[in-house]
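Undergrad: Structure in structure tokens, see below.
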Amino acid sequence: MRLTKEFRDQFIQHELRTHGRKNGFVTTGQEARLMHWLPLIGLPKEKTLADANILAGSPVVMEVGFGNGDFLVYLAEKHPEWTLLGVEIYLPGVAKAVSRLEEAGVIERTRITQLPAQFVLEHQVPEASLDGIHVNHPDPWPKSKHHKRRIIQKEFAALMVTRLKPGGYIKLASDKPDLAEWMRDILDVTPGLENVAGIGCFVDRDEERPETKFEQRGLRAGRVSQFLHYVKP
Ligand SMILES: C[S@@+](CC[C@H](N)C(=O)[O-])C[C@H]1O[C@@H](n2cnc3c(N)ncnc32)[C@H](O)[C@@H]1O
């Protein structure tokens with residue numbers, strides 16, 4: 001089954017400018033799963049979380065750049081009462097995640113979108129509606145002339161704060177020391193956030209969390225990841 005034009009127009013966005021890959025190979029089986037699931041759990045561009053049939057009272061936690069979806073599966077299995085909003089611009093990643101979430105039997109408690117996280121937060125997530133946000137190993141963009149492409153920027157940090165409920169959290173991870181420090185330095189001075197470890201500090205790794213693909217990749221290259229935890233008081 002191939003993705004139809006109507007389906008692409010609704011669920012697969014290419015006109016929004018992002019840095020990083022959006023396209024790549026998706027098998028026909030994965031396409032069939034996308035065509036089945038995204039009309040049920042997708043978040044098309046014109047809809048907001050308020051239209052997404054979320055069970056009343058369910059905490060809503062977002063993951064930005066979920067890659068292959070393993071961490072989303074972990075969160076959904078660990079917190080059966082949560083609804084997970086997964087955001088990932090790379091279509092093959094979305095396709096893999098949909099398969100893994102389906103196999104784990106947790107997909108109906110997720111809302112999945114291929115739109116960029118900046119758009120989703122600004123236009124589709126109402127203020128004070130998220131209980132938490134995870135950002136695991138965002139793209140490092142190592143050259144200084146590309147640092148402006150990093151997802152954690154002053155404006156994005158301020159936007160995240162507005163979308164969190166009071167008491168909500170932001171957790172981040174990176175295996176790249178300069179990116180970990182970049183994220184910490186921005187979030188430490190973002191009004192409305194408190195660094196749980198103290199200004200300038202990282203938290204210990206939560207031993208329960210699974211190693212994501214990029215944490216593993218860092219370990220193979222000899223890089224130990226660093227972790228950040230903020231709360232909106
Ligand atoms: C380095 S990978 C990390 C994947 C996964 N979180 C992990 O830890 O293995 C960064 C991911 O962020 C996604 N990404 C980049 N920019 C994004 C954006 N604006 N909105 C959503 N996802 C984005 C990329 O497509 C990529 O899958």
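Naming works like this for the structure tokens: A, B, ... for the chains as they're shown, residue 1 at the start of each chain, ligands 1 onward in shown order.
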Within 9 Å of ligand 1, which residues of chain A come that close, and what is the closest atom pair and distance in Å for each? Count only C-alpha atoms and all ligand atoms and give it as JSON lines.

TA:
```
{"residue": "A:Arg17", "atom": "CA", "partner": "ligand 1", "partner_atom_place_in_ligand_line": "19 (N)", "distance": 8.8}
{"residue": "A:Thr18", "atom": "CA", "partner": "ligand 1", "partner_atom_place_in_ligand_line": "19 (N)", "distance": 5.8}
{"residue": "A:His19", "atom": "CA", "partner": "ligand 1", "partner_atom_place_in_ligand_line": "16 (N)", "distance": 6.1}
{"residue": "A:Gly20", "atom": "CA", "partner": "ligand 1", "partner_atom_place_in_ligand_line": "15 (C)", "distance": 5.5}
{"residue": "A:Arg21", "atom": "CA", "partner": "ligand 1", "partner_atom_place_in_ligand_line": "25 (O)", "distance": 6.0}
{"residue": "A:Lys22", "atom": "CA", "partner": "ligand 1", "partner_atom_place_in_ligand_line": "25 (O)", "distance": 6.7}
{"residue": "A:Glu63", "atom": "CA", "partner": "ligand 1", "partner_atom_place_in_ligand_line": "6 (N)", "distance": 8.1}
{"residue": "A:Val64", "atom": "CA", "partner": "ligand 1", "partner_atom_place_in_ligand_line": "21 (C)", "distance": 5.3}
{"residue": "A:Gly65", "atom": "CA", "partner": "ligand 1", "partner_atom_place_in_ligand_line": "22 (N)", "distance": 3.5}
{"residue": "A:Phe66", "atom": "CA", "partner": "ligand 1", "partner_atom_place_in_ligand_line": "6 (N)", "distance": 4.4}
{"residue": "A:Gly67", "atom": "CA", "partner": "ligand 1", "partner_atom_place_in_ligand_line": "4 (C)", "distance": 3.8}
{"residue": "A:Asn68", "atom": "CA", "partner": "ligand 1", "partner_atom_place_in_ligand_line": "5 (C)", "distance": 6.8}
{"residue": "A:Gly69", "atom": "CA", "partner": "ligand 1", "partner_atom_place_in_ligand_line": "5 (C)", "distance": 7.6}
{"residue": "A:Asp70", "atom": "CA", "partner": "ligand 1", "partner_atom_place_in_ligand_line": "9 (O)", "distance": 8.2}
{"residue": "A:Phe71", "atom": "CA", "partner": "ligand 1", "partner_atom_place_in_ligand_line": "6 (N)", "distance": 7.6}
{"residue": "A:Gly86", "atom": "CA", "partner": "ligand 1", "partner_atom_place_in_ligand_line": "21 (C)", "distance": 8.7}
{"residue": "A:Val87", "atom": "CA", "partner": "ligand 1", "partner_atom_place_in_ligand_line": "21 (C)", "distance": 5.1}
{"residue": "A:Glu88", "atom": "CA", "partner": "ligand 1", "partner_atom_place_in_ligand_line": "22 (N)", "distance": 3.8}
{"residue": "A:Ile89", "atom": "CA", "partner": "ligand 1", "partner_atom_place_in_ligand_line": "22 (N)", "distance": 4.7}
{"residue": "A:Tyr90", "atom": "CA", "partner": "ligand 1", "partner_atom_place_in_ligand_line": "25 (O)", "distance": 4.5}
{"residue": "A:Leu91", "atom": "CA", "partner": "ligand 1", "partner_atom_place_in_ligand_line": "25 (O)", "distance": 8.2}
{"residue": "A:Gly93", "atom": "CA", "partner": "ligand 1", "partner_atom_place_in_ligand_line": "27 (O)", "distance": 6.5}
{"residue": "A:Val94", "atom": "CA", "partner": "ligand 1", "partner_atom_place_in_ligand_line": "27 (O)", "distance": 8.9}
{"residue": "A:Thr113", "atom": "CA", "partner": "ligand 1", "partner_atom_place_in_ligand_line": "21 (C)", "distance": 8.7}
{"residue": "A:Gln114", "atom": "CA", "partner": "ligand 1", "partner_atom_place_in_ligand_line": "21 (C)", "distance": 7.2}
{"residue": "A:Leu115", "atom": "CA", "partner": "ligand 1", "partner_atom_place_in_ligand_line": "20 (N)", "distance": 6.6}
{"residue": "A:Pro116", "atom": "CA", "partner": "ligand 1", "partner_atom_place_in_ligand_line": "20 (N)", "distance": 3.6}
{"residue": "A:Ala117", "atom": "CA", "partner": "ligand 1", "partner_atom_place_in_ligand_line": "20 (N)", "distance": 3.9}
{"residue": "A:Gln118", "atom": "CA", "partner": "ligand 1", "partner_atom_place_in_ligand_line": "19 (N)", "distance": 6.0}
{"residue": "A:Phe119", "atom": "CA", "partner": "ligand 1", "partner_atom_place_in_ligand_line": "19 (N)", "distance": 8.1}
{"residue": "A:Val120", "atom": "CA", "partner": "ligand 1", "partner_atom_place_in_ligand_line": "20 (N)", "distance": 8.4}
{"residue": "A:His134", "atom": "CA", "partner": "ligand 1", "partner_atom_place_in_ligand_line": "6 (N)", "distance": 8.8}
{"residue": "A:Val135", "atom": "CA", "partner": "ligand 1", "partner_atom_place_in_ligand_line": "6 (N)", "distance": 6.7}
{"residue": "A:Asn136", "atom": "CA", "partner": "ligand 1", "partner_atom_place_in_ligand_line": "6 (N)", "distance": 4.4}
{"residue": "A:His137", "atom": "CA", "partner": "ligand 1", "partner_atom_place_in_ligand_line": "8 (O)", "distance": 4.6}
{"residue": "A:Pro138", "atom": "CA", "partner": "ligand 1", "partner_atom_place_in_ligand_line": "10 (C)", "distance": 4.4}
{"residue": "A:Asp139", "atom": "CA", "partner": "ligand 1", "partner_atom_place_in_ligand_line": "1 (C)", "distance": 4.4}
{"residue": "A:Pro140", "atom": "CA", "partner": "ligand 1", "partner_atom_place_in_ligand_line": "1 (C)", "distance": 7.2}
{"residue": "A:Arg149", "atom": "CA", "partner": "ligand 1", "partner_atom_place_in_ligand_line": "16 (N)", "distance": 8.6}
{"residue": "A:Arg150", "atom": "CA", "partner": "ligand 1", "partner_atom_place_in_ligand_line": "16 (N)", "distance": 8.0}
{"residue": "A:Ile151", "atom": "CA", "partner": "ligand 1", "partner_atom_place_in_ligand_line": "19 (N)", "distance": 6.4}
{"residue": "A:Ala173", "atom": "CA", "partner": "ligand 1", "partner_atom_place_in_ligand_line": "8 (O)", "distance": 7.8}
{"residue": "A:Ser174", "atom": "CA", "partner": "ligand 1", "partner_atom_place_in_ligand_line": "8 (O)", "distance": 8.0}
{"residue": "A:Glu211", "atom": "CA", "partner": "ligand 1", "partner_atom_place_in_ligand_line": "8 (O)", "distance": 7.9}
{"residue": "A:Thr212", "atom": "CA", "partner": "ligand 1", "partner_atom_place_in_ligand_line": "9 (O)", "distance": 4.4}
{"residue": "A:Lys213", "atom": "CA", "partner": "ligand 1", "partner_atom_place_in_ligand_line": "9 (O)", "distance": 3.9}
{"residue": "A:Phe214", "atom": "CA", "partner": "ligand 1", "partner_atom_place_in_ligand_line": "9 (O)", "distance": 3.9}
{"residue": "A:Glu215", "atom": "CA", "partner": "ligand 1", "partner_atom_place_in_ligand_line": "8 (O)", "distance": 6.0}
{"residue": "A:Gln216", "atom": "CA", "partner": "ligand 1", "partner_atom_place_in_ligand_line": "9 (O)", "distance": 8.0}
{"residue": "A:Arg217", "atom": "CA", "partner": "ligand 1", "partner_atom_place_in_ligand_line": "9 (O)", "distance": 8.4}
```

Undergrad: Just list the residues in segment 53-102 of chain A DSSP gives strand (DSSP E) on the backbone, as a PyMOL selection string.

TA: chain A and resi 60-64+83-87

Undergrad: Give the helix (DSSP H, G or I) residues of segment 7-218 of chain A, as assigned by DSSP on the backbone, as an MDAnalysis selection string.

TA: chainID A and resid 7:11 28:41 49:51 70:78 91:103 107:109 117:124 144:149 154:163 177:188 213:218

Undergrad: Measuring atom to atom with only C-alpha atoms, identify which of A:Ala95, A:Lys5, A:Leu75, A:Met62 is nearest to Thr27 of chain A.

TA: A:Ala95

Undergrad: Show me, as a list in words, the residues that have an atom within 8 Å of Lys154 of chain A when counting only C-alpha atoms, minus same-chain residues fewer than 6 positions from it.

TA: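 Contacts, with the query itself left out: Ile186, Leu187 and Thr190 of chain A.
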
Undergrad: Keeping only N, CA and C atoms, take the residues you just selected and write them out as a compact mmCIF listing (two decimals), in the first residue's frame.

TA:
```txt
# COMPACT_ATOMS: atom_id res chain seq x y z
N ILE A 186 21.30 27.43 28.65
CA ILE A 186 20.06 28.12 28.23
C ILE A 186 18.96 27.89 29.27
N LEU A 187 18.77 26.64 29.66
CA LEU A 187 17.64 26.34 30.55
C LEU A 187 17.86 26.89 31.95
N THR A 190 16.43 30.28 31.96
CA THR A 190 15.07 30.46 31.42
C THR A 190 14.11 30.76 32.57
```

Undergrad: Need the shell around Lys232 of chain A: protein/DNA/RNA residues with any atom at most 7 Å away, counting only C-alpha atoms. Skip same-chain ones fewer than 5 positions apart. Format as a PyMOL selection string?

TA: chain A and resi 166-169+192-194

Undergrad: Okay, now the selection with N, CA and C atoms, as a CSV table (one decimal), in the first residue's frame?

TA:
```csv
chain,number,residue,atom,x,y,z
A,166,PRO,N,2.0,24.0,35.8
A,166,PRO,CA,2.8,24.2,37.0
A,166,PRO,C,3.1,22.9,37.7
A,167,GLY,N,4.3,22.6,38.0
A,167,GLY,CA,4.7,21.3,38.6
A,167,GLY,C,5.2,20.4,37.5
A,168,GLY,N,5.1,20.9,36.2
A,168,GLY,CA,5.6,20.0,35.1
A,168,GLY,C,7.1,20.0,35.0
A,169,TYR,N,7.7,19.1,34.2
A,169,TYR,CA,9.1,18.9,34.2
A,169,TYR,C,9.6,18.9,32.7
A,192,GLY,N,11.1,30.8,35.0
A,192,GLY,CA,10.0,29.8,35.2
A,192,GLY,C,10.5,28.4,35.2
A,193,LEU,N,11.9,28.2,35.3
A,193,LEU,CA,12.4,26.8,35.4
A,193,LEU,C,13.4,26.7,36.5
A,194,GLU,N,13.4,25.6,37.2
A,194,GLU,CA,14.4,25.4,38.2
A,194,GLU,C,15.2,24.1,37.9
```

Undergrad: List as a Markdown table every residue of segment 79-191 of chain A that is in contact with segment 40-52 of chain A, defined as an atom at most 8 Å from one of its atoms (using only C-alpha atoms), together with the nearest atom pair and the distance in Å rounded to one decimal, sorted by chain and then rising number.

TA:
```
| residue | atom | partner | partner_atom | distance |
| --- | --- | --- | --- | --- |
| A:Ile107 | CA | A:Ile41 | CA | 7.9 |
| A:Glu108 | CA | A:Ile41 | CA | 6.8 |
| A:Thr110 | CA | A:Ile41 | CA | 6.6 |
| A:Arg111 | CA | A:Ile41 | CA | 4.9 |
| A:Ile112 | CA | A:Gly42 | CA | 4.9 |
| A:Thr113 | CA | A:Leu43 | CA | 5.5 |
| A:Leu115 | CA | A:Lys45 | CA | 7.6 |
| A:His123 | CA | A:Thr48 | CA | 7.2 |
| A:Gln124 | CA | A:Thr48 | CA | 4.1 |
| A:Val125 | CA | A:Leu49 | CA | 5.6 |
| A:Pro126 | CA | A:Leu49 | CA | 7.2 |
```

Undergrad: Neighbours of Glu81 of chain A within 9 Å (only C-alpha atoms; same-chain residues fewer than 6 positions away dropped), as a list in words?

TA: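 What passes the distance filter is Gly57, Ser58, Pro59 and Arg109 of chain A.
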
Undergrad: So, with only C-alpha atoms as the atoms that count, which of A:Leu84, A:Leu3, A:Ile133, A:Ala197 lies closest to Thr28 of chain A?

TA: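 Closest to Thr28 of chain A, using only C-alpha atoms: A:Leu3.
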
Undergrad: Could you tell me how far atom CA of Leu159 of chain A sits from atom CA of Glu181 of chain A, in Å to one decimal place?

TA: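 Separating atom CA of Glu181 of chain A from atom CA of Leu159 of chain A is a distance of 19.8 Å.
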
Undergrad: Return the single residue from A:Tyr74, A:Phe7, A:Phe25, A:Trp82 that is closest to Leu101 of chain A, with distances computed using only C-alpha atoms.

TA: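 For Leu101 of chain A, the nearest of the given residues is A:Tyr74.
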
Undergrad: What is the distance between atom CA of Asp175 of chain A and atom CA of Gly218 of chain A, in Å to one decimal?

TA: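 Answer for the atom CA of Asp175 of chain A to atom CA of Gly218 of chain A separation: 5.6 Å.
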
Undergrad: Quick one: pull the distance between atom CA of Phe156 of chain A and atom CA of Phe11 of chain A, Å, one decimal.

TA: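 Atom CA of Phe11 of chain A lies 23.2 Å from atom CA of Phe156 of chain A.
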